[in-house]
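**Q** The structure is given below, and queries will be raised subsequently.
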Amino acid sequence: MAEAELKKDEVVRLFALGGLDEDGKNLMVIEINGDMYIVECGLKFPNDNASLGVECIVPDFSYLKEHEKQIKGILITHGHDDVMGALPYLLKEIKADIFVSDFTGRVVEELLRKNKITGVKIKTVKRQDTRTIGGRQVVFFPITHSYPQTYGFGIRTAHGYIVYSGEFIADYDDISQAYQGDYSFATRFKNDGVLILLQDSKGAEHALHTSPNHRVTPYFEKVLDQHEKQRIFVEIYTQSVYRIQELIRCCIARKRKMCFYSDELKKLIAGLESITDAVPSELVVPVSQIDQCEDVVVIISGQGRALFQLMSNIANNEVDDVEFHDDDVIVVATPLVPGVEKDFKSMENDIYKRQGTIVKIDRNVLGMHPSKEDLKMVIFMCDPKYYIPIKGAYRMLCANAMLAEEMNIPAERIVILDNGEIATFINGELQPGLDTIELHETLVDGNANWDMAGVVLKDREILSTDGVMVLAIGLDFRTKKIINGPDIQTRGLVYVRDAEYLTREVTRIMEDTIKEMVDAHKYDNMECRSIIREKVARYVFKQTAKRPMILPVILELNPKGAL
């Protein structure tokens, strides 16, 4: 489809449904004259102290469901969970074309297949490509990140480009085509004018450039040299593809045998052969031979809690294919992401109990997000009219905003948003005030019916904090007179013997509500329970400042038929 002629009368609205003042759950919406472009669709993992059986948290898709016909495409910049993990949940609600690089596209295809999602087109874009999406020109450009073939992009508007620089670093030493960035794009955008520049804030507190401090190579080389005749177990996130390839290159350079422990990792390595050099087969050891090799490097990948639990199981000799020795070396090559701290510490304890050696190489390594000088470089090259920090905790958004001021962008042209807040630009000018979209986090516990799972998890939260009150009463089926109860039971709310005043009043509320509805000839079991629930909840909150789960039970019995 050719690009439509751009109208000078133009309304741009930018807002995030996730990813601001938090780590993960990234989802940005760029709306131009009603046409909506979804940028990324990620999830995040819950904190340990509030998990309540929650597997992950995804954005609130209600607004997108209401405006599905306006969605022109979903742009997924790379294959990490925080930017694409929630895609299956979104695509169960709406249908839209997905624009991805070739490598990420294969991962998305597998994700949709596993979740039995059909009717969605996956459109592959090259990292130096220009497409017309929804009648508007979108320019893709390659950036260097920890995932191969990551891209940023610019969307053309009548008043300049909206540029999304992505999760990039400036690294001029890595000449691998799968990771090499090209920042000449900024000059093109600058020449045509940049209306808004959106940049990642996760590294905005770090001085200088991220490179070369993103590399684990010098630290892992030292581990290999110091433990030439020992087995080395390296734990790493499966999605840290750049680091996995660093580990492999180090082993190849020293001719150390490697074992890829999980099927998922083996599949990743096989997929990488299409864009990078193959791993020499003579250096690859099957899992069955780990205990026969004295100097093998076992690369163990996974994600979050499951990875740390697996490492604990290996250290405790609770897996069938590895016998852990006290001279084995464990290398921690993963960053400690929010939500898994408890599992990480448990893993450490188990390894130390087995007298294994732990080497934490990640503590000296930066994540592959832009630091101050990386961000300033793109600001200088693009010279945007407006600047919006995205991704990261609020202090990181502020740090990003402050460095934009250092680059002479006026404070009134820097916009810090929260999830659900809408920045509106009419004919290239920011409008005063911020509209808002009401958002609610969606909790997922692994249940196939994820929407219902969110309701269940909310109930768990109430039960864990404010408890439950069960009100039971028996009525004559015909006359509706009380023949049994009421019986009041509480758990996690108050100690009943010390709160008889509470149960007396709740009993009165229940009896009076039933009598009033019967006398008025308006009695209905469901409606009566609902009114009792509402009245009791108000009273209990007034007395205790808690909102327990209220469960009224009205049994209608036939006394003559009773045995």
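Naming works like this for the structure tokens: A, B, ... for the chains as they're shown, residue 1 at the start of each chain, ligands 1 onward in shown order.
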List the neighbours of region 37-44 of chain A out to 7 Å using only C-alpha atoms; skip same-chain residues closer than 5 positions along the sequence, and give me the result as a PyMOL selection string.

**A** chain A and resi 23-31+56-58+71-77+81-87

**Q** What lies within 12 Å of Gly134 (chain A) using only C-alpha atoms, ignoring chain neighbours under 2 positions off, as a list in words?

**A**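 Listed by chain and then number, they are Met1, Ala2, Glu3, Ala4, Glu31, Ile32, Asn33, Gly34, Asp35, Met36, Tyr37, Lys69, Gln70, Ile71, Lys72, Gly73, Ile74, Ala96, Asp97, Arg131, Thr132, Arg136, Gln137, Val138, Ile155 and Arg156 of chain A.
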
**Q** Can you list, as a PyMOL selection string, all residues belonging to region 25-136 of chain A that DSSP tags as strand (DSSP E)?

**A** chain A and resi 27-32+35-39+56-58+71-75+98-100+122-124+129-133+136

**Q** Write out as a tab-separated table the residues of region 54-161 of chain A that have any atom within 10 Å of an atom of region 384-402 of chain A, one row each with the nearest atom pair and its distance in Å to one decimal, counting only C-alpha atoms, sorted by chain and then rising number.

**A**
residue	atom	partner	partner_atom	distance
A:His159	CA	A:Lys385	CA	9.9
A:Gly160	CA	A:Lys385	CA	8.9
A:Tyr161	CA	A:Pro384	CA	8.9

**Q** Go ahead and save the picked residues with N, CA, C and O atoms, as an mmCIF file, in the first residue's frame.

**A**
data_model
loop_
_atom_site.group_PDB
_atom_site.id
_atom_site.type_symbol
_atom_site.label_atom_id
_atom_site.label_comp_id
_atom_site.auth_asym_id
_atom_site.auth_seq_id
_atom_site.Cartn_x
_atom_site.Cartn_y
_atom_site.Cartn_z
ATOM 1 N N HIS A 159 4.366 16.588 10.627
ATOM 2 C CA HIS A 159 5.158 17.570 11.366
ATOM 3 C C HIS A 159 6.485 16.997 11.846
ATOM 4 O O HIS A 159 7.109 17.537 12.759
ATOM 5 N N GLY A 160 6.914 15.896 11.216
ATOM 6 C CA GLY A 160 8.196 15.288 11.568
ATOM 7 C C GLY A 160 8.007 13.842 12.024
ATOM 8 O O GLY A 160 6.889 13.393 12.266
ATOM 9 N N TYR A 161 9.114 13.150 12.152
ATOM 10 C CA TYR A 161 9.068 11.735 12.535
ATOM 11 C C TYR A 161 8.839 11.562 14.046
ATOM 12 O O TYR A 161 9.290 12.381 14.852
#

**Q** For the helix (DSSP H, G or I) assignment from backbone DSSP, which residues of region 248-412 of chain A qualify? Please present them as a compact mmCIF listing (two decimals) with N, CA and C atoms, in the first residue's frame.

**A**
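Listing of out10.txt after writing:
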# COMPACT_ATOMS: atom_id res chain seq x y z
N ILE A 248 30.09 -19.03 24.21
CA ILE A 248 30.48 -20.03 23.21
C ILE A 248 31.78 -19.65 22.53
N ARG A 249 31.92 -18.36 22.17
CA ARG A 249 33.15 -17.92 21.51
C ARG A 249 34.37 -18.12 22.42
N CYS A 250 34.19 -17.84 23.72
CA CYS A 250 35.30 -18.04 24.66
C CYS A 250 35.72 -19.52 24.71
N CYS A 251 34.74 -20.41 24.72
CA CYS A 251 35.04 -21.85 24.76
C CYS A 251 35.71 -22.31 23.48
N ILE A 252 35.24 -21.82 22.35
CA ILE A 252 35.84 -22.19 21.06
C ILE A 252 37.29 -21.74 21.01
N ALA A 253 37.56 -20.50 21.49
CA ALA A 253 38.93 -19.98 21.46
C ALA A 253 39.88 -20.83 22.29
N ASP A 263 16.74 -28.54 26.02
CA ASP A 263 16.28 -28.62 24.62
C ASP A 263 16.04 -27.22 24.06
N GLU A 264 15.55 -26.33 24.91
CA GLU A 264 15.30 -24.95 24.47
C GLU A 264 16.59 -24.28 24.03
N LEU A 265 17.67 -24.51 24.78
CA LEU A 265 18.96 -23.92 24.43
C LEU A 265 19.50 -24.53 23.14
N LYS A 266 19.37 -25.84 22.98
CA LYS A 266 19.83 -26.50 21.76
C LYS A 266 19.10 -25.93 20.54
N LYS A 267 17.80 -25.70 20.70
CA LYS A 267 17.01 -25.15 19.61
C LYS A 267 17.46 -23.72 19.27
N LEU A 268 17.78 -22.94 20.31
CA LEU A 268 18.28 -21.59 20.09
C LEU A 268 19.60 -21.62 19.33
N ILE A 269 20.54 -22.47 19.74
CA ILE A 269 21.84 -22.56 19.08
C ILE A 269 21.68 -22.96 17.62
N ALA A 270 20.78 -23.91 17.37
CA ALA A 270 20.53 -24.33 15.98
C ALA A 270 19.96 -23.18 15.15
N GLY A 271 19.06 -22.40 15.74
CA GLY A 271 18.48 -21.27 15.03
C GLY A 271 19.49 -20.17 14.74
N LEU A 272 20.45 -20.00 15.63
CA LEU A 272 21.46 -18.96 15.45
C LEU A 272 22.41 -19.28 14.29
N SER A 281 31.18 -29.08 15.85
CA SER A 281 30.51 -30.26 16.42
C SER A 281 31.42 -31.05 17.34
N GLU A 282 32.75 -31.03 17.09
CA GLU A 282 33.67 -31.82 17.92
C GLU A 282 33.79 -31.26 19.34
N LEU A 283 33.31 -30.02 19.56
CA LEU A 283 33.38 -29.43 20.89
C LEU A 283 32.08 -29.59 21.68
N VAL A 287 24.39 -34.40 26.94
CA VAL A 287 24.12 -34.35 28.37
C VAL A 287 24.54 -35.65 29.05
N SER A 288 24.38 -36.76 28.37
CA SER A 288 24.69 -38.07 28.96
C SER A 288 26.16 -38.24 29.31
N GLN A 289 27.03 -37.38 28.75
CA GLN A 289 28.47 -37.51 28.99
C GLN A 289 29.04 -36.45 29.94
N ILE A 290 28.17 -35.68 30.57
CA ILE A 290 28.66 -34.62 31.47
C ILE A 290 29.54 -35.20 32.57
N ASP A 291 29.13 -36.32 33.16
CA ASP A 291 29.88 -36.89 34.29
C ASP A 291 31.15 -37.62 33.84
N GLN A 292 31.33 -37.82 32.52
CA GLN A 292 32.55 -38.45 32.03
C GLN A 292 33.62 -37.44 31.62
N GLY A 304 14.01 -16.85 34.88
CA GLY A 304 13.47 -16.53 36.19
C GLY A 304 13.62 -17.64 37.22
N ARG A 305 12.54 -17.86 37.97
CA ARG A 305 12.55 -18.80 39.09
C ARG A 305 12.94 -20.21 38.65
N ALA A 306 12.43 -20.62 37.49
CA ALA A 306 12.68 -21.99 37.03
C ALA A 306 14.17 -22.25 36.85
N LEU A 307 14.91 -21.25 36.38
CA LEU A 307 16.35 -21.41 36.18
C LEU A 307 17.07 -21.58 37.51
N PHE A 308 16.74 -20.74 38.49
CA PHE A 308 17.41 -20.82 39.79
C PHE A 308 17.04 -22.11 40.51
N GLN A 309 15.80 -22.56 40.35
CA GLN A 309 15.39 -23.82 40.96
C GLN A 309 16.14 -24.99 40.35
N LEU A 310 16.35 -24.94 39.03
CA LEU A 310 17.11 -25.99 38.36
C LEU A 310 18.54 -26.03 38.88
N MET A 311 19.16 -24.86 39.07
CA MET A 311 20.54 -24.82 39.57
C MET A 311 20.61 -25.39 40.99
N SER A 312 19.59 -25.08 41.81
CA SER A 312 19.53 -25.65 43.16
C SER A 312 19.41 -27.17 43.11
N ASN A 313 18.60 -27.66 42.20
CA ASN A 313 18.42 -29.11 42.06
C ASN A 313 19.72 -29.79 41.64
N ILE A 314 20.47 -29.15 40.75
CA ILE A 314 21.75 -29.72 40.32
C ILE A 314 22.72 -29.76 41.49
N ALA A 315 22.79 -28.66 42.24
CA ALA A 315 23.71 -28.60 43.39
C ALA A 315 23.34 -29.64 44.44
N GLU A 341 14.50 -12.51 43.46
CA GLU A 341 15.58 -12.37 44.44
C GLU A 341 15.61 -13.53 45.44
N LYS A 342 14.44 -13.93 45.94
CA LYS A 342 14.37 -14.99 46.93
C LYS A 342 14.89 -16.30 46.36
N ASP A 343 14.50 -16.62 45.14
CA ASP A 343 14.95 -17.85 44.50
C ASP A 343 16.45 -17.84 44.24
N PHE A 344 16.96 -16.66 43.88
CA PHE A 344 18.39 -16.52 43.62
C PHE A 344 19.20 -16.80 44.90
N LYS A 345 18.75 -16.22 46.01
CA LYS A 345 19.46 -16.42 47.28
C LYS A 345 19.37 -17.88 47.74
N SER A 346 18.24 -18.50 47.51
CA SER A 346 18.08 -19.91 47.85
C SER A 346 19.06 -20.77 47.06
N MET A 347 19.21 -20.44 45.76
CA MET A 347 20.17 -21.15 44.93
C MET A 347 21.58 -21.00 45.48
N GLU A 348 21.95 -19.77 45.85
CA GLU A 348 23.28 -19.53 46.42
C GLU A 348 23.51 -20.38 47.67
N ASN A 349 22.52 -20.41 48.56
CA ASN A 349 22.65 -21.20 49.79
C ASN A 349 22.90 -22.67 49.49
N ASP A 350 22.15 -23.21 48.54
CA ASP A 350 22.29 -24.63 48.22
C ASP A 350 23.67 -24.94 47.66
N ILE A 351 24.19 -24.04 46.83
CA ILE A 351 25.52 -24.29 46.23
C ILE A 351 26.61 -24.21 47.29
N TYR A 352 26.52 -23.22 48.17
CA TYR A 352 27.53 -23.09 49.22
C TYR A 352 27.49 -24.29 50.17
N LYS A 353 26.28 -24.81 50.45
CA LYS A 353 26.17 -25.99 51.31
C LYS A 353 26.88 -27.20 50.71
N ASP A 362 28.23 -11.31 36.53
CA ASP A 362 27.29 -10.28 36.08
C ASP A 362 27.41 -8.99 36.89
N ARG A 363 27.89 -9.06 38.12
CA ARG A 363 27.94 -7.86 38.97
C ARG A 363 28.85 -6.79 38.37
N ASN A 364 29.76 -7.18 37.48
CA ASN A 364 30.68 -6.23 36.86
C ASN A 364 30.23 -5.81 35.46
N LYS A 372 24.18 7.26 29.61
CA LYS A 372 23.98 8.69 29.35
C LYS A 372 24.53 9.13 28.00
N GLU A 373 25.77 8.74 27.69
CA GLU A 373 26.38 9.22 26.45
C GLU A 373 25.73 8.59 25.22
N ASP A 374 25.23 7.36 25.35
CA ASP A 374 24.48 6.75 24.24
C ASP A 374 23.22 7.56 23.96
N LEU A 375 22.48 7.89 25.01
CA LEU A 375 21.24 8.66 24.86
C LEU A 375 21.52 10.04 24.29
N LYS A 376 22.56 10.68 24.80
CA LYS A 376 22.90 12.04 24.33
C LYS A 376 23.31 12.02 22.86
N MET A 377 23.98 10.95 22.44
CA MET A 377 24.39 10.84 21.04
C MET A 377 23.18 10.88 20.12
N VAL A 378 22.14 10.10 20.44
CA VAL A 378 20.97 10.06 19.58
C VAL A 378 20.17 11.37 19.66
N ILE A 379 20.11 11.97 20.85
CA ILE A 379 19.45 13.28 20.97
C ILE A 379 20.15 14.30 20.08
N PHE A 380 21.49 14.31 20.12
CA PHE A 380 22.27 15.26 19.31
C PHE A 380 22.03 15.03 17.82
N MET A 381 21.99 13.76 17.42
CA MET A 381 21.87 13.44 15.98
C MET A 381 20.46 13.66 15.46
N CYS A 382 19.46 13.48 16.32
CA CYS A 382 18.06 13.63 15.87
C CYS A 382 17.53 15.05 16.05
N TYR A 394 10.63 5.32 37.97
CA TYR A 394 10.42 6.77 37.81
C TYR A 394 11.72 7.55 37.93
N ARG A 395 12.62 7.10 38.83
CA ARG A 395 13.89 7.82 38.97
C ARG A 395 14.70 7.74 37.68
N MET A 396 14.56 6.63 36.94
CA MET A 396 15.27 6.47 35.67
C MET A 396 14.67 7.38 34.61
N LEU A 397 13.34 7.49 34.60
CA LEU A 397 12.69 8.42 33.67
C LEU A 397 13.16 9.85 33.92
N CYS A 398 13.27 10.20 35.21
CA CYS A 398 13.74 11.55 35.57
C CYS A 398 15.19 11.77 35.15
N ALA A 399 16.04 10.76 35.37
CA ALA A 399 17.45 10.87 34.97
C ALA A 399 17.55 11.07 33.47
N ASN A 400 16.72 10.38 32.73
CA ASN A 400 16.70 10.52 31.27
C ASN A 400 16.24 11.92 30.87
N ALA A 401 15.22 12.42 31.56
CA ALA A 401 14.72 13.77 31.28
C ALA A 401 15.78 14.83 31.58
N MET A 402 16.53 14.64 32.67
CA MET A 402 17.55 15.64 33.05
C MET A 402 18.69 15.70 32.04
N LEU A 403 19.06 14.56 31.48
CA LEU A 403 20.13 14.63 30.49
C LEU A 403 19.63 15.26 29.18
N ALA A 404 18.31 15.12 28.91
CA ALA A 404 17.75 15.82 27.74
C ALA A 404 17.83 17.33 27.94
N GLU A 405 17.61 17.79 29.19
CA GLU A 405 17.79 19.21 29.49
C GLU A 405 19.24 19.64 29.28
N GLU A 406 20.17 18.76 29.65
CA GLU A 406 21.59 19.06 29.42
C GLU A 406 21.89 19.23 27.93
N ALA A 411 12.63 22.32 29.20
CA ALA A 411 11.87 21.48 30.12
C ALA A 411 10.42 21.33 29.67
N GLU A 412 9.85 22.39 29.10
CA GLU A 412 8.44 22.30 28.69
C GLU A 412 8.25 21.41 27.46

**Q** List the neighbours of Pro432 (chain A) out to 12 Å using only C-alpha atoms; skip same-chain residues closer than 3 positions along the sequence, and give me the result as a PDB file with N, CA, C and O atoms, in the first residue's frame.

**A**
ATOM      1  N   GLU A 412       9.848  22.387  29.097  1.00  0.00           N
ATOM      2  CA  GLU A 412       8.437  22.305  28.687  1.00  0.00           C
ATOM      3  C   GLU A 412       8.245  21.408  27.464  1.00  0.00           C
ATOM      4  O   GLU A 412       7.111  21.107  27.079  1.00  0.00           O
ATOM      5  N   ARG A 413       9.350  20.968  26.856  1.00  0.00           N
ATOM      6  CA  ARG A 413       9.260  20.062  25.707  1.00  0.00           C
ATOM      7  C   ARG A 413       9.681  18.631  26.077  1.00  0.00           C
ATOM      8  O   ARG A 413       9.867  17.791  25.196  1.00  0.00           O
ATOM      9  N   VAL A 415       8.454  15.381  28.277  1.00  0.00           N
ATOM     10  CA  VAL A 415       7.212  14.872  28.859  1.00  0.00           C
ATOM     11  C   VAL A 415       7.486  13.553  29.583  1.00  0.00           C
ATOM     12  O   VAL A 415       7.912  12.573  28.962  1.00  0.00           O
ATOM     13  N   ILE A 422      -2.028  10.357  28.729  1.00  0.00           N
ATOM     14  CA  ILE A 422      -1.984  10.586  27.289  1.00  0.00           C
ATOM     15  C   ILE A 422      -1.381  11.962  26.999  1.00  0.00           C
ATOM     16  O   ILE A 422      -1.889  12.980  27.482  1.00  0.00           O
ATOM     17  N   ALA A 423      -0.296  11.977  26.221  1.00  0.00           N
ATOM     18  CA  ALA A 423       0.267  13.235  25.723  1.00  0.00           C
ATOM     19  C   ALA A 423      -0.332  13.494  24.346  1.00  0.00           C
ATOM     20  O   ALA A 423      -0.242  12.645  23.453  1.00  0.00           O
ATOM     21  N   THR A 424      -0.948  14.652  24.168  1.00  0.00           N
ATOM     22  CA  THR A 424      -1.629  14.982  22.912  1.00  0.00           C
ATOM     23  C   THR A 424      -0.899  16.115  22.198  1.00  0.00           C
ATOM     24  O   THR A 424      -0.561  17.134  22.807  1.00  0.00           O
ATOM     25  N   PHE A 425      -0.664  15.911  20.898  1.00  0.00           N
ATOM     26  CA  PHE A 425       0.001  16.914  20.055  1.00  0.00           C
ATOM     27  C   PHE A 425      -0.934  17.238  18.892  1.00  0.00           C
ATOM     28  O   PHE A 425      -1.327  16.348  18.132  1.00  0.00           O
ATOM     29  N   ILE A 426      -1.307  18.503  18.777  1.00  0.00           N
ATOM     30  CA  ILE A 426      -2.162  18.935  17.676  1.00  0.00           C
ATOM     31  C   ILE A 426      -1.342  19.821  16.752  1.00  0.00           C
ATOM     32  O   ILE A 426      -0.754  20.833  17.177  1.00  0.00           O
ATOM     33  N   GLU A 429       2.129  20.550  18.070  1.00  0.00           N
ATOM     34  CA  GLU A 429       2.297  21.284  19.321  1.00  0.00           C
ATOM     35  C   GLU A 429       1.686  20.495  20.482  1.00  0.00           C
ATOM     36  O   GLU A 429       0.543  20.016  20.389  1.00  0.00           O
ATOM     37  N   ASP A 435      -4.862  13.752  29.441  1.00  0.00           N
ATOM     38  CA  ASP A 435      -6.001  12.850  29.624  1.00  0.00           C
ATOM     39  C   ASP A 435      -5.480  11.534  30.179  1.00  0.00           C
ATOM     40  O   ASP A 435      -4.289  11.231  30.090  1.00  0.00           O
TER      41      ASP A 435
END

**Q** Quick one: pull the distance between CA of Gly302 (chain A) and CA of Asp326 (chain A), Å, one decimal.

**A**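 About the pair CA of Gly302 (chain A) and CA of Asp326 (chain A): they are 23.5 Å apart.
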
**Q** So that I can see what lies close to Val296 (chain A), please list as a PyMOL selection string the residues with an atom at most 6 Å from it, counting only C-alpha atoms and leaving out residues fewer than 2 positions away in the same chain.

**A** chain A and resi 231+257-258+293

**Q** Could you check how far CA of Asp171 (chain A) sits from CA of His369 (chain A), in Å to one decimal?

**A** 11.3 Å

**Q** In terms of the shortest atom-to-atom distance over only C-alpha atoms, which of A:Leu417, A:Val284, A:Leu471, A:Pro548 is closest to Arg529 (chain A)?

**A**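 Closest candidate: A:Leu471.
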
**Q** I want to know what sits within 7 Å of region 110-124 of chain A, based on only C-alpha atoms, with residues of the same chain fewer than 6 positions away left out; could you give that as an MDAnalysis selection string?

**A** chainID A and resid 88 95:102

**Q** In Å, with one decimal, what is the gap from CA of Glu22 (chain A) to CA of Ala207 (chain A)?

**A**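 Here the two named atoms are 21.4 Å from each other.
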
**Q** Residues near Tyr523 (chain A), anyone? I mean within 12 Å using only C-alpha atoms, not counting same-chain ones fewer than 3 positions away, as number ranges by chain.

**A** A: 475, 477-481, 513-520, 526-531, 554

**Q** Find the residues around region 499-510 of chain A up to 12 Å (only C-alpha atoms counted), leave out those fewer than 4 positions away in its own chain, and share them as a PyMOL selection string.

**A** chain A and resi 469-474+482+485-490+493-495+514-517+528-544+550-554
